[in-house]
Amino acid sequence: MLKGSRFAEHPLAGLIPYLGRYRAKLLLGTGMVLATNAVAVVTPWVLGRAIDDLRLEVTRDKLLIYATVLVGLSALEGVFRFLMRSVLIGTSRRLEFDLRSDLYAHLLRLTPSFYQRYTTGDLMSRATNDLSAVRSVLGPGIMYSLNTLFTTVLTVSLLISIDPSLALYTLIPLVAVSVCARYFGSQIHRRFRSIQEQFSELTSLVQENVAGMRVVKAYNQEPAFVRRFAESNRIYVDRSLGLARISGLFHPSLALLLGLSSLTLLGLGGWKVTLGEISLGDLVAFMAYLAMLTWPTIALGWVINIVERGSASMRRIQDLLDSRPAISVPNSSATDITAGSIEVSDLSFAYDGPQALQDISFEVPAGSTLAIVGRTGSGKSTLANLLCHFYPVERGQIRIDGEDLNDIPLEVLRRRIAYVPQDTFLFSDTVRGNIAFGRPQATRDQVEKMARTSDIWSDIQRFPEQLDTFVGERGVTLSGGQKQRIAISRALLVDAPILILDDSLSSVDTQTEERILERLAGQLRKRSAIVISHRISTVKGADQILVMDEGRIVERGTHRQLVDQEGLYRQLYERQLLQEELGIE
Amino acid sequence: MTAPWEEKDRSGYDSHLARRLFGYLAPYRKVVATAVVLLLGLSAVRLAGPYLTKVAIDGPIRNEDPQGLLYITLLFLLLLIAQFGLGYLQTYWTNWIGQQVMSDLRRQLFGHLQKQDAAFFDRTPAGRIITRITNDVDVMNDLFTSGVVSVFGDAFSLLGIVVIMLLMNWKLALVCFSVIPLLFLLTLWFKLRVRDSYRRVRGAVAAINGFLQESFTGMAVTQMFVQEGRKFGEFEKHNRRHMQANLDSIFYYAVFYPAVNLVGALAIALILWAGGIQVLDAGLTLGAVVAFIQYSERFYKPISDLSEKVNILQSAMASAERIFGLLDTGPTIRPPQRPHRAPVQGQIHFDRVSFWYREGTPVLHGVDLRVEPGEKVAIVGATGSGKTTLINLLGRLYDVCEGAVRVDGTDLRQWEPEALRQSIAVVLQDVFLFNGSVGDNIRLWSGRVTDSAAQQAARRVAADRFIQRLPAAYQSPVRERGSALSVGQRQLLAFARALAHDPRILVLDEATSSVDTETEQLIQKALAELMEGRTALIIAHRLSTIQHCDRIVVLHRGEIREEGTHQQLLRQRGIYFKLYQLQYKDQLVDAV
């Protein structure tokens with residue numbers, strides 16, 4: 001099937017190292033397939049002899065022996081078959097486990113740019129559907145190919161030994177069975193796919209209808225959507241019936257071909273019995289052998305389809321395994337936790353299009369607070385992402401305690417920085433689990449202390465199970481502000497020398513914000529902090545404020561200095577005062 | 001929040017539910033009957049094979065009669081062809097029935113969904129609605145295709161085998177039947193075990209999916225807090241649980257198939273032994289022994305299929321209950337008994353309107369506002385002042401809690417909903433584009449709007465220019481949620497949509513997002529065109545829009561606080577003055 005130089009390029013070649021790990025088990029499984037078949041082929045022979053004896057001359061004792069032998073053989077075959085399935089299919093499940101774990105371990109190392117390239121849905125389908133398609137190759141694929149091979153070789157040679165010409169004529173329809181199984185298998189798969197596509201079409205129509213219900217209602221277009229749905233539904237029904245037409249043919253066709261084989265046997269074999277070329281017992285044994293061949297011939301067509309699909313899936317998995325992290329830092333002797341001074345010089349950055357950051361330079365002495373303000377899209381979050389080394393730093397330099405960011409191993413860097421991202425992401429875990437995410441061994445008191453500092457403690461007290469309340473679908477639904485405050489507690493608890501807050505108070509009202517800032521003050525004094533915000537109230541107290549616009553630093557100074565200038569900061573400040581007057585959040 | 005119809009999840013047989021469910025078969029009565037007849041015929045043909053073998057062995061083969069053998073072979077061929085034809089037709093029609101019933105159910109559900117009010121969609125998660133219409137209906141397929149019809153076939157096959165064997169030789173038949181209970185128990189044990197472990201597998205798959213989904217979305221957080229190791233450990237736990245559940249199910253499979261074979265061998269051994277003794281006593285023919293062996297191999301399939309049915313019925317019932325639950329939930333906003341129907345003139349009156357989503361926290365409080373036909377009124381106010389709620393009430397997405405909203409002097413609740421909606425067009429801030437072409441999105445698949453009317457509308461709001469530049473002009477697909485079009489283009493498209501539907505009353509929630517100056521001018525011109533000759537109620541964010549209006553209403557914390565023209569309000573130095581400085585002054589500077 002797979003040979004020569006093409007073998008190494010074949011997508012399934014990636015599985016060889018995995019198969020190697022289970023060499024012994026696979027060998028044992030193969031032995032069991034052989035043993036099963038070796039025992040199985042004896043049964044029809046015994047049956048044939050029994051029938052012949054019945055025709056000629058038999059004693060009750062002899063009958064009892066035949067019956068016992070038949071049951072005994074079946075029991076022995078059963079033991080081997082049990083072992084065959086347990087060993088081979090079991091191994092495929094272990095292989096699947098290994099492969100999935102390796103895939104996930106690999107995905108854990110990939111950077112945000114990778115996750116922007118693939119959608120979550122796509123990744124999930126590779127890690128589940130594709131993986132199970134590959135598993136089918138490793139399990140049923142291997143088991144049935146071996147089984148088909150051994151059964152065919154053994155039974156066909158026995159059939160030939162009974163009567164070569166009878167064997168030839170009865171086996172022709174069986175070859176057609178294999179071809180037929182393969183043809184129908186791929187047709188059914190293709191049609192099934194097109195049904196699935198229409199199904200997701202139908203699903204997204206409903207989804208869209210629900211999401212856009214206000215527009216639909218406002219324009220009175222319910223009937224139009226009912227029509228569209230009916231049309232989409234009709235296509236779905238048509239395609240399903242298209243599948244029914246082909247799958248409806250599948251089993252009757254197999255039955256027809258197998259029937260032709262039996263028919264040939266009955267006609268031709270019966271004739272040969274009347275001529276005395278073979279005995280009646282031979283005929284019965286022949287029937288039994290043909291029955292034994294039925295499943296392996298169907299399985300052959302089926303296995304070819306499994307291997308085809310498995311190869312396509314393995315290629316999709318290999319795509320992921322071949323993706324390299326965008327950032328790799330050699331393991332160096334970088335010192336661990338440090339004071340936390342930051343130095344950025346002439347930093348420029350672009351994602352894929354226009355420049356997102358241009359010639360950014362600033363310094364944050366250890367223990368001081370730097371604030372960055374600016375409009376949406378001014379580059380504030382990009383800067384935070386670069387400090388965390390989520391994207392490669394190529395033009396300009398970032399130094400942390402004098403060390404170049406590109407020389408600090410990611411793990412070391414990330415232990416130095418506690419980061420509260422703009423989009424708050426919480427895991428479906430308890431409140432406590434979320435706060436202690438970066439430091440699972442933290443005590444309850446430590447968790448409580450940070451929750452108090454972030455002003456979320458009183459909220460937690462009101463949750464049904466306080467700290468042990470689940471977040472999300474299985475528990476409480478949190479407001480945006482509550483999520484942000486939990487994310488702040490989470491960052492504070494890791495106790496890193498650098499703290500980055502990326503617009504982390506945007507969803508809380510100004511009074512709460514003030515309270516949090518007051519409590520944070522103590523924490524901020526202990527570390528270097530970068531506070532990003534679009535609100536002046538958040539940044540007023542910082543040691544140094546940068547005003548960013550279109551990727552550049554346009555103003556810098558303390559709050560007093562900046563208010564005295566006639567610039568962007570002053571404008572933002574005046575707006576804020578007006579907002580407060582109007583009572584707008 | 002869960003809807004009340006979601007909470008019960010009983011499974012099991014419920015005769016009322018079943019009657020209602022099987023009611024869906026009623027229109028296809030004849031086809032169902034045909035399918036059953038086909039299936040019975042098929043089972044009968046299948047049963048004939050072994051008997052024919054017996055006839056061949058005991059007749060022509062024993063008597064060395066080639067002619068007789070040929071006849072039997074030909075008969076065998078005929079049976080094969082009949083089996084092929086019946087098998088195909090039966091499978092097709094059974095599937096056809098299932099598909100029709102599902103299609104009917106789905107259409108009924110979707111139609112019902114269109115009648116629901118906004119509160120229903122607030123309360124019910126979208127995912128759940130979608131599951132009802134798609135997955136839950138699909139579960140029905142199993143019931144109607146492999147359940148209802150084939151149960152007859154299986155029962156008939158089993159019965160047929162029993163009867164034929166009894167007729168051939170009742171003593172041997174009874175000996176042979178002794179394995180049936182064994183087979184039955186074995187199958188039952190297996191199905192129960194496998195179902196249980198299959199449930200565990202499914203649970204594990206769901207856990208892996210859930211974990212991966214969350215893990216991919218939160219990858220940056222995991223990496224930032226250096227928790228990759230822990231996450232990997234958690235993943236391995238799910239992965240291992242999945243493997244273990246699968247390994248368990250392998251055990252059952254590995255035991256079951258050999259055990260079934262063993263029972264089969266036992267049956268053959270019994271036939272050989274007991275039958276053989278009868279042959280010795282000359283009570284039985286050799287052909288009968290062979291036929292007996294072949295029949296005994298056919299016990300298994302109908303027994304296995306029948307034991308599957310209980311399962312199918314159970315899950316179908318659970319889905320049916322959820323589906324009917326949705327069908328039985330009616331909208332709370334209902335059309336009136338004797339609806340008012342008249343051409344809309346365009347007068348709007350919010351008559352001391354109060355509204356709250358939750359008692360005690362009113363969103364609107366005693367709002368009194370009258371808009372004359374053809375008048376253009378701008379509503380301004382800070383976020384949360386109740387502007388959006390006001391237009392939601394006009395669109396009757398919700399009903400007022402106190403007071404009344406009147407159009408042409410008649411309470412909205414008295415109007416026929418269709419008549420009213422045909423005369424009111426709502427343009428929302430976040431322009432919702434449906435999957436489909438640009439043209440479809442203007443027409444909204446409406447029969448009342450022709451393609452040329454849609455294009456004319458697009459020309460009048462200056463959307464024509466960019467549409468013509470698209471690869472297939474009006475036939476160009478807009479991507480989901482319209483991500484391929486710019487904010488300004490989407491605005492213009494929404495205007496064209498409103499204009500094409502030619503409303504008497506225009507309700508517009510203006511977009512806040514900023515666009516470049518050129519687009520801004522296009523939008524303003526389009527807006528003037530759109531408002532021409534109509535009553536307009538506009539939540540305004542742009543100074544130029546406000547200046548196009550006859551009157552400005554300032555909403556603050558759910559109440560009307562100021563009213564007048566731009567100049568009048570500026571002179572008052574009140575809320576509007578501050579809003580002006582905050583939101584509109586810069587736009588003036590930009591425009592200059």
# chains A, B, ... in the order shown; residues from 1 in each chain; ligands from 1
$ residues_around --residues "Thr134 of chain B" --least-positions-apart "5" --cutoff "9 Å" --atoms "only C-alpha atoms" --output "ChimeraX atom specification"
/A:199,202-203,206 /B:106,129
$ select_by_dssp --residues "segment 148-375 of chain A" --states "helix (DSSP H, G or I)" --output "JSON, numbers by chain"
{"A": [148, 149, 150, 151, 152, 153, 154, 155, 156, 157, 158, 159, 160, 161, 162, 164, 165, 166, 167, 168, 169, 170, 171, 172, 173, 174, 175, 176, 177, 178, 179, 180, 181, 182, 183, 184, 185, 186, 187, 188, 189, 190, 191, 192, 193, 194, 195, 196, 197, 198, 199, 200, 201, 202, 203, 204, 205, 206, 207, 208, 209, 210, 211, 213, 214, 215, 216, 217, 218, 222, 223, 224, 225, 226, 227, 228, 229, 230, 231, 232, 233, 234, 235, 236, 237, 238, 239, 240, 241, 242, 243, 244, 245, 246, 247, 248, 249, 250, 251, 252, 253, 254, 255, 256, 257, 258, 259, 260, 261, 262, 263, 264, 265, 266, 267, 268, 269, 270, 271, 272, 273, 274, 275, 280, 281, 282, 283, 284, 285, 286, 287, 288, 289, 290, 291, 292, 293, 294, 295, 296, 297, 298, 299, 300, 301, 302, 303, 304, 305, 306, 307, 308, 309, 310, 311, 312, 313, 314, 315, 316, 317, 318, 319, 320, 321, 322]}
$ residues_around --residues "segment 172-186 of chain A" --least-positions-apart "2" --cutoff "6 Å" --atoms "only C-alpha atoms" --output "list in words"
Tyr169, Thr170, Ile188, His189, Leu257, Ser261, Thr297, Ile298, Gly301 and Trp302 of chain A
$ residues_around --residues "segment 52-59 of chain A" --least-positions-apart "4" --cutoff "12 Å" --atoms "only C-alpha atoms" --output "number ranges by chain"
A: 45-48, 63-66, 273, 278-285; B: 57-58, 62, 272-282, 284-287, 289-290
$ write_last_selection --atoms "N, CA and C atoms" --output "tab-separated table (two decimals), in the first residue's frame"
chain	number	residue	atom	x	y	z
A	45	TRP	N	-14.83	-27.35	8.77
A	45	TRP	CA	-14.32	-28.67	8.39
A	45	TRP	C	-14.98	-29.74	9.25
A	46	VAL	N	-15.02	-29.47	10.58
A	46	VAL	CA	-15.66	-30.41	11.51
A	46	VAL	C	-17.12	-30.59	11.13
A	47	LEU	N	-17.78	-29.47	10.83
A	47	LEU	CA	-19.19	-29.50	10.46
A	47	LEU	C	-19.40	-30.38	9.22
A	48	GLY	N	-18.54	-30.18	8.24
A	48	GLY	CA	-18.63	-30.95	7.00
A	48	GLY	C	-18.50	-32.45	7.26
A	63	LEU	N	-21.73	-38.41	17.53
A	63	LEU	CA	-22.47	-37.14	17.48
A	63	LEU	C	-22.10	-36.24	18.65
A	64	LEU	N	-22.03	-36.87	19.81
A	64	LEU	CA	-21.72	-36.11	21.02
A	64	LEU	C	-20.32	-35.52	20.91
A	65	ILE	N	-19.40	-36.31	20.35
A	65	ILE	CA	-18.03	-35.81	20.19
A	65	ILE	C	-18.01	-34.60	19.25
A	66	TYR	N	-18.70	-34.73	18.10
A	66	TYR	CA	-18.75	-33.60	17.16
A	66	TYR	C	-19.30	-32.34	17.84
A	273	VAL	N	-22.06	-32.36	-6.25
A	273	VAL	CA	-22.39	-33.42	-5.29
A	273	VAL	C	-23.10	-34.55	-6.01
A	278	ILE	N	-17.72	-33.87	-5.10
A	278	ILE	CA	-17.52	-33.50	-3.70
A	278	ILE	C	-18.63	-34.12	-2.88
A	279	SER	N	-18.40	-34.20	-1.57
A	279	SER	CA	-19.43	-34.79	-0.71
A	279	SER	C	-20.39	-33.69	-0.24
A	280	LEU	N	-21.51	-34.07	0.32
A	280	LEU	CA	-22.47	-33.10	0.86
A	280	LEU	C	-21.83	-32.33	2.01
A	281	GLY	N	-21.02	-33.05	2.78
A	281	GLY	CA	-20.29	-32.40	3.88
A	281	GLY	C	-19.38	-31.32	3.37
A	282	ASP	N	-18.71	-31.57	2.24
A	282	ASP	CA	-17.86	-30.54	1.64
A	282	ASP	C	-18.69	-29.30	1.30
A	283	LEU	N	-19.88	-29.57	0.75
A	283	LEU	CA	-20.75	-28.46	0.37
A	283	LEU	C	-21.11	-27.61	1.58
A	284	VAL	N	-21.50	-28.28	2.66
A	284	VAL	CA	-21.86	-27.55	3.89
A	284	VAL	C	-20.65	-26.79	4.42
A	285	ALA	N	-19.49	-27.42	4.40
A	285	ALA	CA	-18.27	-26.74	4.86
A	285	ALA	C	-17.99	-25.53	3.99
B	57	ILE	N	-31.22	-29.86	-1.04
B	57	ILE	CA	-30.43	-30.99	-0.52
B	57	ILE	C	-31.26	-32.26	-0.46
B	58	ASP	N	-32.48	-32.13	0.06
B	58	ASP	CA	-33.31	-33.32	0.22
B	58	ASP	C	-33.90	-33.80	-1.10
B	62	ARG	N	-30.02	-35.07	-3.48
B	62	ARG	CA	-30.03	-36.46	-3.04
B	62	ARG	C	-30.43	-37.39	-4.18
B	272	LEU	N	-26.94	-30.54	15.73
B	272	LEU	CA	-26.18	-31.67	15.23
B	272	LEU	C	-26.43	-32.92	16.09
B	273	TRP	N	-26.44	-32.68	17.36
B	273	TRP	CA	-26.58	-33.81	18.29
B	273	TRP	C	-28.01	-34.33	18.29
B	274	ALA	N	-28.94	-33.40	18.67
B	274	ALA	CA	-30.35	-33.81	18.76
B	274	ALA	C	-30.89	-34.17	17.39
B	275	GLY	N	-30.52	-33.36	16.38
B	275	GLY	CA	-30.99	-33.63	15.03
B	275	GLY	C	-30.40	-34.94	14.51
B	276	GLY	N	-29.11	-35.10	14.82
B	276	GLY	CA	-28.42	-36.30	14.36
B	276	GLY	C	-29.09	-37.56	14.86
B	277	ILE	N	-29.51	-37.53	16.13
B	277	ILE	CA	-30.19	-38.69	16.70
B	277	ILE	C	-31.47	-38.97	15.93
B	278	GLN	N	-32.18	-37.86	15.58
B	278	GLN	CA	-33.42	-38.03	14.82
B	278	GLN	C	-33.15	-38.58	13.42
B	279	VAL	N	-31.99	-38.10	12.84
B	279	VAL	CA	-31.64	-38.62	11.52
B	279	VAL	C	-31.41	-40.12	11.61
B	280	LEU	N	-30.71	-40.49	12.68
B	280	LEU	CA	-30.44	-41.91	12.90
B	280	LEU	C	-31.75	-42.68	12.99
B	281	ASP	N	-32.71	-42.05	13.71
B	281	ASP	CA	-34.01	-42.71	13.84
B	281	ASP	C	-34.88	-42.50	12.61
B	282	ALA	N	-34.26	-41.85	11.59
B	282	ALA	CA	-34.92	-41.64	10.30
B	282	ALA	C	-36.12	-40.71	10.38
B	284	LEU	N	-35.68	-37.37	10.43
B	284	LEU	CA	-35.28	-36.04	9.97
B	284	LEU	C	-34.40	-36.17	8.73
B	285	THR	N	-34.54	-35.21	7.84
B	285	THR	CA	-33.70	-35.24	6.64
B	285	THR	C	-32.44	-34.42	6.89
B	286	LEU	N	-31.43	-34.70	6.06
B	286	LEU	CA	-30.18	-33.97	6.15
B	286	LEU	C	-30.37	-32.50	5.83
B	287	GLY	N	-31.18	-32.24	4.81
B	287	GLY	CA	-31.47	-30.86	4.39
B	287	GLY	C	-32.06	-30.07	5.54
B	289	VAL	N	-31.51	-30.48	8.68
B	289	VAL	CA	-30.43	-30.16	9.62
B	289	VAL	C	-29.66	-28.93	9.15
B	290	VAL	N	-29.32	-28.89	7.85
B	290	VAL	CA	-28.60	-27.75	7.30
B	290	VAL	C	-29.45	-26.48	7.42
$ closest_residue --among "B:Leu543, B:Ala463, B:Val226, B:Leu79" --to "chain A" --atoms "only C-alpha atoms"
B:Val226
$ closest_residue --among "B:Asn141, B:Thr410, B:Ser307, B:Thr535" --to "chain A" --atoms "only C-alpha atoms"
B:Asn141
$ residues_around --residues "Ile268 of chain B" --least-positions-apart "4" --cutoff "9 Å" --atoms "only C-alpha atoms" --output "compact mmCIF listing (two decimals) with N, CA and C atoms, in the first residue's frame"
# COMPACT_ATOMS: atom_id res chain seq x y z
N ALA A 67 -20.43 -32.53 18.55
CA ALA A 67 -21.06 -31.37 19.20
C ALA A 67 -20.10 -30.74 20.20
N LEU A 70 -17.29 -28.84 18.43
CA LEU A 70 -17.76 -27.55 17.88
C LEU A 70 -17.82 -26.47 18.95
N VAL A 71 -18.41 -26.83 20.10
CA VAL A 71 -18.52 -25.84 21.18
C VAL A 71 -17.13 -25.49 21.72
N CYS B 176 -33.71 -26.26 19.87
CA CYS B 176 -32.96 -25.12 19.34
C CYS B 176 -33.34 -23.81 20.05
N VAL B 263 -22.77 -18.91 21.65
CA VAL B 263 -24.17 -19.33 21.73
C VAL B 263 -24.58 -19.94 20.39
N GLY B 264 -24.10 -19.30 19.29
CA GLY B 264 -24.40 -19.84 17.97
C GLY B 264 -23.86 -21.26 17.81
N LEU B 272 -26.94 -30.54 15.73
CA LEU B 272 -26.18 -31.67 15.23
C LEU B 272 -26.43 -32.92 16.09
N TRP B 273 -26.44 -32.68 17.36
CA TRP B 273 -26.58 -33.81 18.29
C TRP B 273 -28.01 -34.33 18.29
N PHE B 292 -31.82 -25.87 9.53
CA PHE B 292 -31.89 -25.52 10.95
C PHE B 292 -30.65 -24.72 11.36
N ILE B 293 -29.49 -25.21 10.90
CA ILE B 293 -28.25 -24.51 11.24
C ILE B 293 -28.29 -23.08 10.72
N GLN B 294 -28.78 -22.92 9.47
CA GLN B 294 -28.81 -21.57 8.89
C GLN B 294 -29.81 -20.66 9.61
N SER B 296 -30.77 -20.90 12.69
CA SER B 296 -30.33 -20.56 14.05
C SER B 296 -29.34 -19.40 14.02
N GLU B 297 -28.65 -19.22 12.87
CA GLU B 297 -27.72 -18.09 12.76
C GLU B 297 -28.46 -16.76 12.61
